[in-house]
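Structure below is structure-v9.txt: compact mmCIF, C-alpha atoms.
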# COMPACT_ATOMS: atom_id res chain seq x y z
CA MET A 45 53.64 111.29 90.00
CA ALA A 46 56.35 112.90 92.11
CA GLU A 47 58.77 115.38 90.60
CA PHE A 48 61.35 113.55 88.48
CA MET A 49 64.53 114.70 90.26
CA THR A 50 65.77 117.53 92.45
CA GLY A 51 69.10 119.28 92.81
CA THR A 52 72.05 119.37 90.42
CA LYS A 53 71.41 116.98 87.58
CA GLN A 54 73.38 114.81 85.20
CA ARG A 55 72.24 112.87 82.19
CA PRO A 56 73.13 109.16 82.12
CA GLY A 57 76.67 108.96 80.86
CA GLY A 58 76.88 112.73 80.33
CA SER A 59 77.78 116.00 82.00
CA PRO A 60 75.69 117.85 84.64
CA GLN A 61 72.69 119.65 83.21
CA ALA A 62 69.06 120.38 83.97
CA GLY A 63 66.77 117.38 83.76
CA GLY A 64 69.31 114.57 84.24
CA VAL A 65 70.50 112.71 87.33
CA LEU A 66 72.85 113.15 90.24
CA ASP A 67 76.35 111.73 90.06
CA PRO A 68 75.91 108.02 90.80
CA PRO A 69 77.32 106.61 94.04
CA GLU A 70 79.93 103.89 94.12
CA ARG A 71 78.22 100.75 92.88
CA PRO A 72 78.10 97.35 94.60
CA GLU A 73 78.54 94.31 92.41
CA VAL A 74 74.91 93.99 91.31
CA ALA A 75 72.50 96.05 93.35
CA GLY A 76 72.39 97.71 96.75
CA ALA A 77 71.34 101.30 96.16
CA GLY A 78 69.65 101.75 99.51
CA PRO A 79 70.85 104.46 101.90
CA PRO A 80 73.11 103.64 104.84
CA GLY A 81 71.04 102.64 107.86
CA SER A 82 70.93 100.62 111.05
CA HIS A 83 68.91 97.82 109.48
CA ASP A 84 70.53 94.82 107.87
CA GLY A 85 69.27 91.95 105.80
CA HIS A 86 68.95 89.69 108.84
CA GLU A 87 66.33 91.93 110.43
CA ALA A 88 64.32 92.15 107.20
CA ALA A 89 64.62 88.39 106.67
CA ALA A 90 63.23 87.77 110.15
CA ILE A 91 60.32 90.15 109.46
CA LEU A 92 59.59 88.39 106.18
CA ASP A 93 59.73 84.96 107.82
CA ARG A 94 57.30 86.05 110.56
CA SER A 95 54.98 87.62 108.02
CA ARG A 96 55.01 84.56 105.80
CA ALA A 97 54.22 82.33 108.80
CA SER A 98 51.32 84.61 109.78
CA VAL A 99 49.82 85.08 106.32
CA ASP A 100 50.44 81.63 104.86
CA PRO A 101 47.44 79.95 106.55
CA GLU A 102 45.07 82.64 105.19
CA LEU A 103 46.66 82.35 101.76
CA ARG A 104 46.49 78.57 101.62
CA ALA A 105 42.91 78.51 102.88
CA ALA A 106 41.87 80.98 100.20
CA VAL A 107 43.55 78.99 97.41
CA GLU A 108 42.10 75.76 98.80
CA SER A 109 38.61 77.18 98.22
CA LEU A 110 39.15 77.31 94.44
CA PRO A 111 37.67 74.68 92.09
CA SER A 112 40.09 71.76 91.87
CA SER A 113 41.15 72.40 88.26
CA ILE A 114 42.19 76.00 89.00
CA ARG A 115 43.44 75.21 92.51
CA ARG A 116 46.03 72.83 91.05
CA ILE A 117 47.51 75.58 88.86
CA ALA A 118 47.55 78.12 91.69
CA GLN A 119 49.20 75.69 94.09
CA TYR A 120 51.84 74.92 91.49
CA HIS A 121 52.47 78.62 90.93
CA PHE A 122 52.93 79.22 94.67
CA GLY A 123 55.40 76.34 94.85
CA TRP A 124 53.23 74.25 97.17
CA ARG A 125 52.71 71.40 94.70
CA HIS A 126 54.39 69.87 91.67
CA ALA A 127 52.67 69.84 88.29
CA ASP A 128 51.32 66.35 89.00
CA GLY A 129 49.68 67.57 92.20
CA THR A 130 52.10 65.98 94.66
CA PRO A 131 53.34 68.17 97.57
CA ALA A 132 56.37 70.37 96.94
CA THR A 133 58.60 72.50 99.13
CA GLY A 134 59.32 75.28 96.65
CA SER A 135 59.44 78.96 97.55
CA ALA A 136 56.27 81.03 97.29
CA GLY A 137 58.30 84.22 97.06
CA LYS A 138 59.64 86.67 99.60
CA ALA A 139 56.18 87.97 100.64
CA ILE A 140 57.37 91.58 100.75
CA ARG A 141 53.92 93.04 100.09
CA PRO A 142 52.03 91.24 102.88
CA ALA A 143 54.93 92.04 105.19
CA LEU A 144 54.43 95.73 104.39
CA VAL A 145 50.72 95.47 105.25
CA LEU A 146 51.50 93.93 108.63
CA ALA A 147 54.41 96.28 109.37
CA ALA A 148 52.31 99.36 108.54
CA ALA A 149 49.44 98.17 110.74
CA ASP A 150 51.86 97.44 113.58
CA ALA A 151 53.65 100.80 113.21
CA LEU A 152 50.43 102.80 113.53
CA GLY A 153 48.21 100.52 115.61
CA GLY A 154 50.33 97.96 117.41
CA PRO A 155 50.01 94.15 117.56
CA GLY A 156 46.20 94.25 117.61
CA ALA A 157 46.06 96.09 114.30
CA ARG A 158 48.67 93.74 112.87
CA ALA A 159 46.57 90.70 113.75
CA ALA A 160 43.44 92.32 112.31
CA SER A 161 45.14 93.00 108.99
CA LEU A 162 46.03 89.38 108.15
CA ARG A 163 43.25 89.04 105.56
CA ALA A 164 44.29 92.28 103.92
CA ALA A 165 47.89 91.06 103.79
CA ALA A 166 46.78 87.81 102.13
CA ALA A 167 44.62 89.76 99.68
CA VAL A 168 47.58 91.88 98.59
CA GLU A 169 49.70 88.76 98.04
CA LEU A 170 46.92 87.19 95.97
CA VAL A 171 46.76 90.27 93.75
CA HIS A 172 50.54 90.27 93.38
CA ASN A 173 50.49 86.66 92.20
CA PHE A 174 47.61 87.40 89.83
CA THR A 175 49.91 89.91 88.15
CA LEU A 176 52.81 87.44 88.05
CA LEU A 177 50.74 84.76 86.34
CA HIS A 178 49.55 87.22 83.71
CA ASP A 179 52.95 88.89 83.28
CA ASP A 180 54.64 85.55 82.64
CA VAL A 181 52.18 84.81 79.85
CA MET A 182 52.52 88.24 78.24
CA ASP A 183 56.31 88.37 78.59
CA ARG A 184 56.70 84.68 77.62
CA ASP A 185 58.93 84.15 80.66
CA THR A 186 59.70 80.45 80.99
CA SER A 187 60.98 80.32 84.59
CA ARG A 188 60.07 81.84 87.94
CA ARG A 189 61.35 80.93 91.40
CA HIS A 190 63.68 78.34 89.87
CA ARG A 191 60.93 76.31 88.16
CA PRO A 192 58.97 76.47 84.87
CA THR A 193 56.26 79.13 84.81
CA ALA A 194 52.62 78.05 85.04
CA TRP A 195 51.80 78.83 81.41
CA THR A 196 54.64 76.60 80.17
CA VAL A 197 53.21 73.71 82.19
CA PHE A 198 49.44 74.20 81.91
CA GLY A 199 49.09 76.48 78.88
CA ASP A 200 48.25 80.16 78.44
CA ALA A 201 44.52 79.93 79.06
CA ASP A 202 44.82 77.97 82.31
CA ALA A 203 47.49 80.31 83.69
CA ILE A 204 45.39 83.38 82.84
CA LEU A 205 42.29 81.89 84.44
CA ALA A 206 44.23 80.99 87.58
CA GLY A 207 45.41 84.59 87.79
CA ASP A 208 41.85 85.85 87.36
CA ALA A 209 40.73 83.55 90.17
CA LEU A 210 43.44 84.86 92.52
CA GLN A 211 42.29 88.43 91.93
CA ALA A 212 38.69 87.45 92.71
CA LEU A 213 39.85 85.64 95.85
CA ALA A 214 41.60 88.79 97.04
CA LEU A 215 38.45 90.89 96.85
CA ARG A 216 36.36 88.09 98.35
CA LEU A 217 38.70 87.95 101.36
CA LEU A 218 38.14 91.64 102.03
CA ALA A 219 34.40 91.47 101.29
CA GLY A 220 34.03 88.77 103.95
CA ASP A 221 36.13 90.58 106.54
CA PRO A 222 34.01 92.11 109.36
CA HIS A 223 36.66 94.72 110.17
CA PRO A 224 35.39 98.29 109.53
CA ALA A 225 38.40 99.02 107.31
CA SER A 226 37.60 96.16 104.92
CA GLY A 227 35.30 98.23 102.68
CA PRO A 228 37.75 101.10 102.09
CA ALA A 229 40.54 98.54 101.75
CA ALA A 230 38.64 96.62 99.05
CA ALA A 231 37.96 99.82 97.12
CA ARG A 232 41.59 100.86 97.36
CA LEU A 233 42.83 97.45 96.24
CA ALA A 234 40.41 97.44 93.28
CA ASP A 235 41.67 100.89 92.23
CA CYS A 236 45.20 99.56 92.51
CA VAL A 237 44.40 96.63 90.19
CA VAL A 238 43.13 99.10 87.58
CA GLU A 239 46.38 101.07 87.92
CA LEU A 240 48.41 97.86 87.64
CA CYS A 241 46.59 96.98 84.41
CA ALA A 242 47.19 100.46 83.02
CA GLY A 243 50.88 100.16 83.85
CA GLN A 244 51.14 96.76 82.19
CA HIS A 245 49.31 98.07 79.12
CA ALA A 246 51.77 100.97 78.89
CA ASP A 247 54.66 98.53 79.25
CA THR A 248 53.48 96.26 76.44
CA ALA A 249 52.72 99.26 74.21
CA MET A 250 56.26 100.55 74.72
CA GLU A 251 57.69 97.28 73.47
CA LYS A 252 56.18 97.99 70.03
CA ARG A 253 57.77 101.41 69.78
CA ALA A 254 61.18 102.23 68.35
CA PRO A 255 64.10 102.24 70.84
CA ASP A 256 64.51 106.01 70.57
CA ASP A 257 60.78 106.73 70.94
CA VAL A 258 60.42 106.17 74.71
CA THR A 259 61.28 108.80 77.32
CA LEU A 260 62.50 108.36 80.88
CA ASP A 261 59.46 110.19 82.22
CA GLU A 262 57.17 107.70 80.46
CA VAL A 263 58.97 104.64 81.76
CA LEU A 264 59.08 106.02 85.33
CA VAL A 265 55.33 106.63 85.28
CA MET A 266 54.83 103.11 83.95
CA ALA A 267 57.08 101.62 86.65
CA GLU A 268 55.22 103.44 89.40
CA ALA A 269 51.94 102.00 88.14
CA LYS A 270 53.29 98.47 87.66
CA THR A 271 55.34 98.16 90.85
CA GLY A 272 55.05 101.18 93.11
CA ALA A 273 51.24 101.16 93.16
CA LEU A 274 50.90 97.76 94.85
CA LEU A 275 53.62 98.42 97.43
CA GLY A 276 51.96 101.74 98.21
CA CYS A 277 48.58 100.04 98.44
CA ALA A 278 50.00 97.42 100.80
CA CYS A 279 51.25 100.11 103.17
CA ALA A 280 47.99 102.05 102.90
CA LEU A 281 45.91 98.97 103.72
CA GLY A 282 47.95 98.36 106.85
CA ALA A 283 47.39 101.99 107.84
CA LEU A 284 43.62 101.66 107.24
CA TYR A 285 43.43 98.63 109.51
CA ALA A 286 45.29 100.62 112.18
CA GLY A 287 42.65 103.37 112.05
CA ALA A 288 45.12 105.92 110.68
CA THR A 289 44.21 109.41 109.50
CA GLU A 290 43.84 110.25 105.81
CA GLU A 291 47.17 112.07 105.94
CA GLU A 292 48.93 109.05 107.44
CA VAL A 293 47.38 106.71 104.88
CA ALA A 294 48.47 109.00 102.04
CA ALA A 295 52.01 109.32 103.41
CA LEU A 296 52.39 105.55 103.73
CA ASP A 297 51.04 105.07 100.22
CA ALA A 298 53.65 107.54 98.96
CA PHE A 299 56.34 105.75 101.01
CA GLY A 300 55.45 102.45 99.39
CA ARG A 301 55.34 103.93 95.91
CA GLN A 302 58.78 105.48 96.22
CA ALA A 303 60.21 102.29 97.72
CA GLY A 304 58.49 100.41 94.91
CA LEU A 305 60.22 102.51 92.28
CA ALA A 306 63.55 101.83 94.00
CA PHE A 307 62.61 98.14 93.98
CA GLN A 308 61.85 98.21 90.24
CA LEU A 309 65.06 100.04 89.43
CA ILE A 310 67.12 97.41 91.22
CA ASP A 311 64.98 94.62 89.74
CA ASP A 312 65.77 95.96 86.28
CA VAL A 313 69.47 96.04 87.12
CA ILE A 314 69.26 92.44 88.30
CA GLY A 315 67.31 91.55 85.14
CA ILE A 316 70.37 92.51 83.09
CA TRP A 317 73.35 91.75 85.33
CA GLY A 318 71.96 89.30 87.92
CA ASP A 319 73.23 85.77 88.43
CA PRO A 320 70.71 83.23 87.04
CA GLU A 321 71.63 80.87 89.88
CA ARG A 322 70.24 83.43 92.32
CA THR A 323 67.46 85.01 90.26
CA GLY A 324 65.95 81.82 88.84
CA LYS A 325 65.66 83.51 85.44
CA PRO A 326 67.81 83.19 82.29
CA ALA A 327 70.67 85.68 82.01
CA GLY A 328 69.80 88.73 79.94
CA ALA A 329 66.16 87.70 79.44
CA ASP A 330 65.01 91.34 79.47
CA LEU A 331 67.59 92.25 76.84
CA ALA A 332 66.68 89.27 74.68
CA ALA A 333 63.03 90.37 74.81
CA ARG A 334 64.17 93.91 73.93
CA LYS A 335 62.36 95.22 77.00
CA LYS A 336 62.61 98.95 77.54
CA SER A 337 63.54 98.64 81.20
CA LEU A 338 64.65 101.65 83.23
CA PRO A 339 68.44 101.18 82.78
CA VAL A 340 67.95 100.57 79.05
CA VAL A 341 65.86 103.71 78.50
CA ALA A 342 68.30 105.74 80.60
CA ALA A 343 71.09 104.46 78.36
CA LEU A 344 69.15 105.04 75.14
CA THR A 345 68.45 108.67 76.10
CA SER A 346 72.00 109.44 77.32
CA GLY A 347 73.19 111.05 74.10
CA THR A 348 76.39 108.99 74.15
CA PRO A 349 78.05 106.92 71.40
CA ALA A 350 77.12 103.81 73.39
CA ALA A 351 73.47 104.90 73.17
CA VAL A 352 73.70 104.86 69.38
CA GLU A 353 75.21 101.37 69.48
CA LEU A 354 72.49 100.21 71.89
CA ALA A 355 69.72 101.58 69.65
CA GLU A 356 71.17 99.64 66.72
CA LEU A 357 71.33 96.44 68.77
CA TYR A 358 67.79 96.93 70.09
CA GLY A 359 66.51 97.63 66.59
CA LYS A 360 67.36 94.07 65.51
CA PRO A 361 65.39 90.99 66.67
CA TYR A 362 67.17 88.72 69.12
CA GLU A 363 68.40 85.43 67.67
CA GLU A 364 67.95 82.45 69.98
CA GLY A 365 71.20 81.46 71.69
CA ASP A 366 73.08 84.65 70.82
CA THR A 367 74.83 84.98 74.18
CA GLU A 368 77.55 87.13 72.66
CA GLY A 369 74.94 89.60 71.45
CA ILE A 370 73.35 89.73 74.92
CA ALA A 371 76.74 90.43 76.49
CA ARG A 372 77.46 93.17 73.95
CA THR A 373 74.06 94.75 74.62
CA ALA A 374 74.59 94.68 78.39
CA GLN A 375 77.99 96.34 77.94
CA ALA A 376 76.44 99.07 75.80
CA VAL A 377 73.81 99.79 78.49
CA GLU A 378 76.55 100.06 81.09
CA ARG A 379 78.86 102.24 78.97
CA ALA A 380 75.94 104.58 78.24
CA GLY A 381 75.42 105.06 81.98
CA GLY A 382 72.22 103.05 82.38
CA ARG A 383 73.43 100.96 85.29
CA ASP A 384 74.85 103.88 87.26
CA TRP A 385 71.75 105.97 86.59
CA ALA A 386 69.42 103.21 87.83
CA GLN A 387 71.34 102.77 91.06
CA ALA A 388 71.59 106.51 91.68
CA GLN A 389 67.88 106.89 90.99
CA ALA A 390 67.09 104.00 93.36
CA ALA A 391 69.01 105.75 96.13
CA ASP A 392 67.13 108.99 95.44
CA ARG A 393 63.76 107.22 95.53
CA MET A 394 64.68 105.58 98.81
CA ALA A 395 65.51 109.00 100.28
CA ARG A 396 62.07 110.24 99.24
CA ALA A 397 60.49 107.12 100.74
CA MET A 398 62.18 107.84 104.07
CA GLN A 399 60.77 111.38 104.08
CA GLU A 400 57.24 110.06 103.55
CA LEU A 401 57.70 107.41 106.24
CA ALA A 402 58.80 110.04 108.74
CA ARG A 403 55.61 112.02 108.01
CA ALA A 404 53.40 109.03 108.79
CA VAL A 405 55.42 107.42 111.60
CA PRO A 406 57.68 109.99 113.29
CA ASP A 407 58.86 107.51 115.94
CA PRO A 408 61.94 105.73 114.45
CA GLU A 409 61.40 102.70 116.67
CA ALA A 410 57.80 102.24 115.51
CA ALA A 411 58.88 102.73 111.89
CA GLY A 412 61.71 100.18 112.19
CA GLY A 413 59.93 97.31 110.47
CA LEU A 414 58.91 99.39 107.47
CA LEU A 415 62.38 100.89 107.21
CA ALA A 416 64.04 97.48 107.32
CA LEU A 417 61.77 96.18 104.55
CA ALA A 418 62.32 99.26 102.39
CA GLU A 419 66.08 98.94 102.69
CA PHE A 420 65.88 95.23 101.99
CA VAL A 421 64.24 95.69 98.59
CA THR A 422 67.14 97.82 97.35
CA ARG A 423 69.92 95.73 98.90
CA ARG A 424 69.01 92.51 97.17
CA SER A 425 70.69 90.66 94.33
CA SER A 426 67.89 88.26 93.36
Represent the structure of the file as structure tokens.
Amino acid sequence: MAEFMTGTKQRPGGSPQAGGVLDPPERPEVAGAGPPGSHDGHEAAAILDRSRASVDPELRAAVESLPSSIRRIAQYHFGWRHADGTPATGSAGKAIRPALVLAAADALGGPGARAASLRAAAAVELVHNFTLLHDDVMDRDTSRRHRPTAWTVFGDADAILAGDALQALALRLLAGDPHPASGPAAARLADCVVELCAGQHADTAMEKRAPDDVTLDEVLVMAEAKTGALLGCACALGALYAGATEEEVAALDAFGRQAGLAFQLIDDVIGIWGDPERTGKPAGADLAARKKSLPVVAALTSGTPAAVELAELYGKPYEEGDTEGIARTAQAVERAGGRDWAQAQAADRMARAMQELARAVPDPEAAGGLLALAEFVTRRSS
């Protein structure tokens, strides 16, 4: 993985020293650690809407090909149908990953490459939703996208099998694609799935360890595997379909990975301090599950009195309905510097992402779509 930090450092909640983090910037209310730029949320929203409209037919057709028993679960998960099978108008997510595939193909190969990469974009979204179905089971999350998770409706086994089917669909889409890039794309996506599984395994293993037994380096490596890998793969697949050079593919993969880490950092901030009305998840769910998210580990390793308090709180099991305890835990994370560290680190990762993007796509106008999407993921609050 990339070097942890560069420049003058500061530990979360502490004084400058080697191996810590830069002084955090002024913090927006919840998130927003992206660098200043010419792109706003409206541009990214328009890109996401266009991408969803382009990819949705491929995605729906792929899911429609599943056996009826599994298709029903997948369609529920995507928000297309209710649990009883009747049509629904729920959200299928923001579709950031397929948008990155299309934007990368367009940046390096123009509209023709973008059109050719539609199957690859759908494949990436299928893999992403495979991970969501499995994550919800493992994390025991009860809501996603403002509705009950699939496992709470259909049971663990059915949700896991639906996730398995989505992963198989993704590889089948690429296997049946006549484009010359489909073979390398399928191999790269399969490698990415292995990395995703390794990252999830590391994450679950960390949950069994004592609060003071996890390092920031470990959790950053895990986050890159769990989140950065698929965003990097999405960008790389778009580059492959554009006929890019190995160097351009590698640079776009690195761009996506760094943007993915920024995404995960902000996602972890939202997981603690986000508004449930906007996130669709219960307040403090990560803290209740005693997850060792990036802000929490930064706080635990800060060497501050608040870190000691946080370790004590995390060392006790969460009691259902203890909202006061959740609030006290969130305050301890913030006082120990975890929130500021996460937002400063997200800004740093975005700066690195911009450097990699410039290597692959030197023309700022051609890179505009990718830049807008990268900024969007760190300027969100849900």
Would you please work out which residue, of A:Leu205, A:Val258, A:Cys277, A:Glu378, is nearest to Glu239 in chain A when using only C-alpha atoms?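 For Glu239 in chain A, the nearest of the candidates is A:Cys277.
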Could you build a table of the residues in range 217-256 of chain A lying no more than 12 Å from range 87-111 of chain A, giving for each the nearest pair of atoms and their separation in Å rounded to one decimal place, using only C-alpha atoms, ordered by chain and ascending residue number, as JSON lines?
{"residue": "A:Leu217", "atom": "CA", "partner": "A:Ala106", "partner_atom": "CA", "distance": 7.7}
{"residue": "A:Leu218", "atom": "CA", "partner": "A:Ala106", "partner_atom": "CA", "distance": 11.4}
{"residue": "A:Gly220", "atom": "CA", "partner": "A:Ala106", "partner_atom": "CA", "distance": 11.7}
Write the residues you've just listed into a file as a compact mmCIF listing (two decimals), in the frame of the given file, and include C-alpha atoms for each of them.
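File produced: out-v3.txt:
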# COMPACT_ATOMS: atom_id res chain seq x y z
CA LEU A 217 38.70 87.95 101.36
CA LEU A 218 38.14 91.64 102.03
CA GLY A 220 34.03 88.77 103.95
Using only C-alpha atoms, which residues sit within 12 Å of His178 in chain A once same-chain residues fewer than 2 positions away are excluded, as a ChimeraX atom specification? /A:121,171-176,180-185,193-195,199-211,240-241,244-245
Show me, as a list in words, the residues that have an atom within 12 Å of Glu356 in chain A when counting all atoms listed in the file, minus same-chain residues fewer than 4 positions from it. Ala254, Pro255, Asp256, Arg334, Leu344, Pro349, Ala350, Ala351, Val352, Lys360, Pro361, Tyr362, Gly369, Arg372, Thr373 and Ala376 of chain A
For a cutoff of 12 Å around the file-coordinate point (50.7, 99.5, 99.9), which residues qualify once you count all atoms listed in the file? I'd like the result as an NGL selection string. :A and (140-149 or 164-165 or 167-169 or 171-172 or 229 or 232-233 or 235-237 or 271-284 or 293-304 or 414 or 418)
Å distance separating CA of His190 in chain A from CA of Pro326 in chain A, one decimal place: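 We find that CA of His190 in chain A and CA of Pro326 in chain A lie 9.9 Å from each other.
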Extract, using all atoms listed in the file, all DNA, RNA and protein residues at most 12 Å from Pro222 in chain A, discarding same-chain residues fewer than 6 positions from it, and format them as a list in words. Ala160, Ser161, Arg163, Ala164, Arg216, Ala229 and Tyr285 of chain A
Please, could you write that set of residues out with C-alpha atoms as a PDB file, in the coordinates of the input?
ATOM      1  CA  ALA A 160      43.440  92.320 112.310  1.00  0.00           C
ATOM      2  CA  SER A 161      45.140  93.000 108.990  1.00  0.00           C
ATOM      3  CA  ARG A 163      43.250  89.040 105.560  1.00  0.00           C
ATOM      4  CA  ALA A 164      44.290  92.280 103.920  1.00  0.00           C
ATOM      5  CA  ARG A 216      36.360  88.090  98.350  1.00  0.00           C
ATOM      6  CA  ALA A 229      40.540  98.540 101.750  1.00  0.00           C
ATOM      7  CA  TYR A 285      43.430  98.630 109.510  1.00  0.00           C
TER       8      TYR A 285
END
Figure out the distance between CA of Glu368 in chain A and CA of Ala342 in chain A, please, to one decimal in Å. 22.2 Å
Polymer residues at most 6 Å from (47.8, 104.3, 112.1) by only C-alpha atoms, as a PDB file with C-alpha atoms, in the coordinates of the input:
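Wrote selection36.pdb, looks like this:
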ATOM      1  CA  LEU A 152      50.430 102.800 113.530  1.00  0.00           C
ATOM      2  CA  GLY A 153      48.210 100.520 115.610  1.00  0.00           C
ATOM      3  CA  ALA A 283      47.390 101.990 107.840  1.00  0.00           C
ATOM      4  CA  ALA A 286      45.290 100.620 112.180  1.00  0.00           C
ATOM      5  CA  GLY A 287      42.650 103.370 112.050  1.00  0.00           C
ATOM      6  CA  ALA A 288      45.120 105.920 110.680  1.00  0.00           C
TER       7      ALA A 288
END
Quick one: pull the distance between CA of Glu292 in chain A and CA of Ala402 in chain A, Å, one decimal.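 If I compute the distance from CA of Glu292 in chain A to CA of Ala402 in chain A, I get 10.0 Å.
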Listed atoms of range 316-326 of chain A boxed axis-aligned with 6 Å per side, centre + edges as AutoDock Vina command-line options:
--center_x 69.5 --center_y 86.7 --center_z 87.3 --size_x 19.7 --size_y 23.6 --size_z 22.0
Which is closer to Ala151 in chain A than all the others in A:Ala410, A:Val265, A:Ala416, A:Ala397, using all atoms listed in the file? A:Ala410
Nearest to Met266 in chain A among A:Gly347, A:Gly243, A:Gly137, A:Gly156, with distances taken over all atoms listed in the file: which residue is it? A:Gly243
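Among A:Leu264, A:Ile117, A:Lys335, A:Ala231, the residue with the shortest atom-to-atom distance to Leu177 in chain A, counting all atoms listed in the file, is A:Ile117.
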Pick from A:Lys270, A:Lys336, A:Gln389, A:Leu331, whichever lies nearest to Val238 in chain A using all atoms listed in the file: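 Between A:Lys270, A:Lys336, A:Gln389, A:Leu331, the residue approaching Val238 in chain A most closely is A:Lys270.
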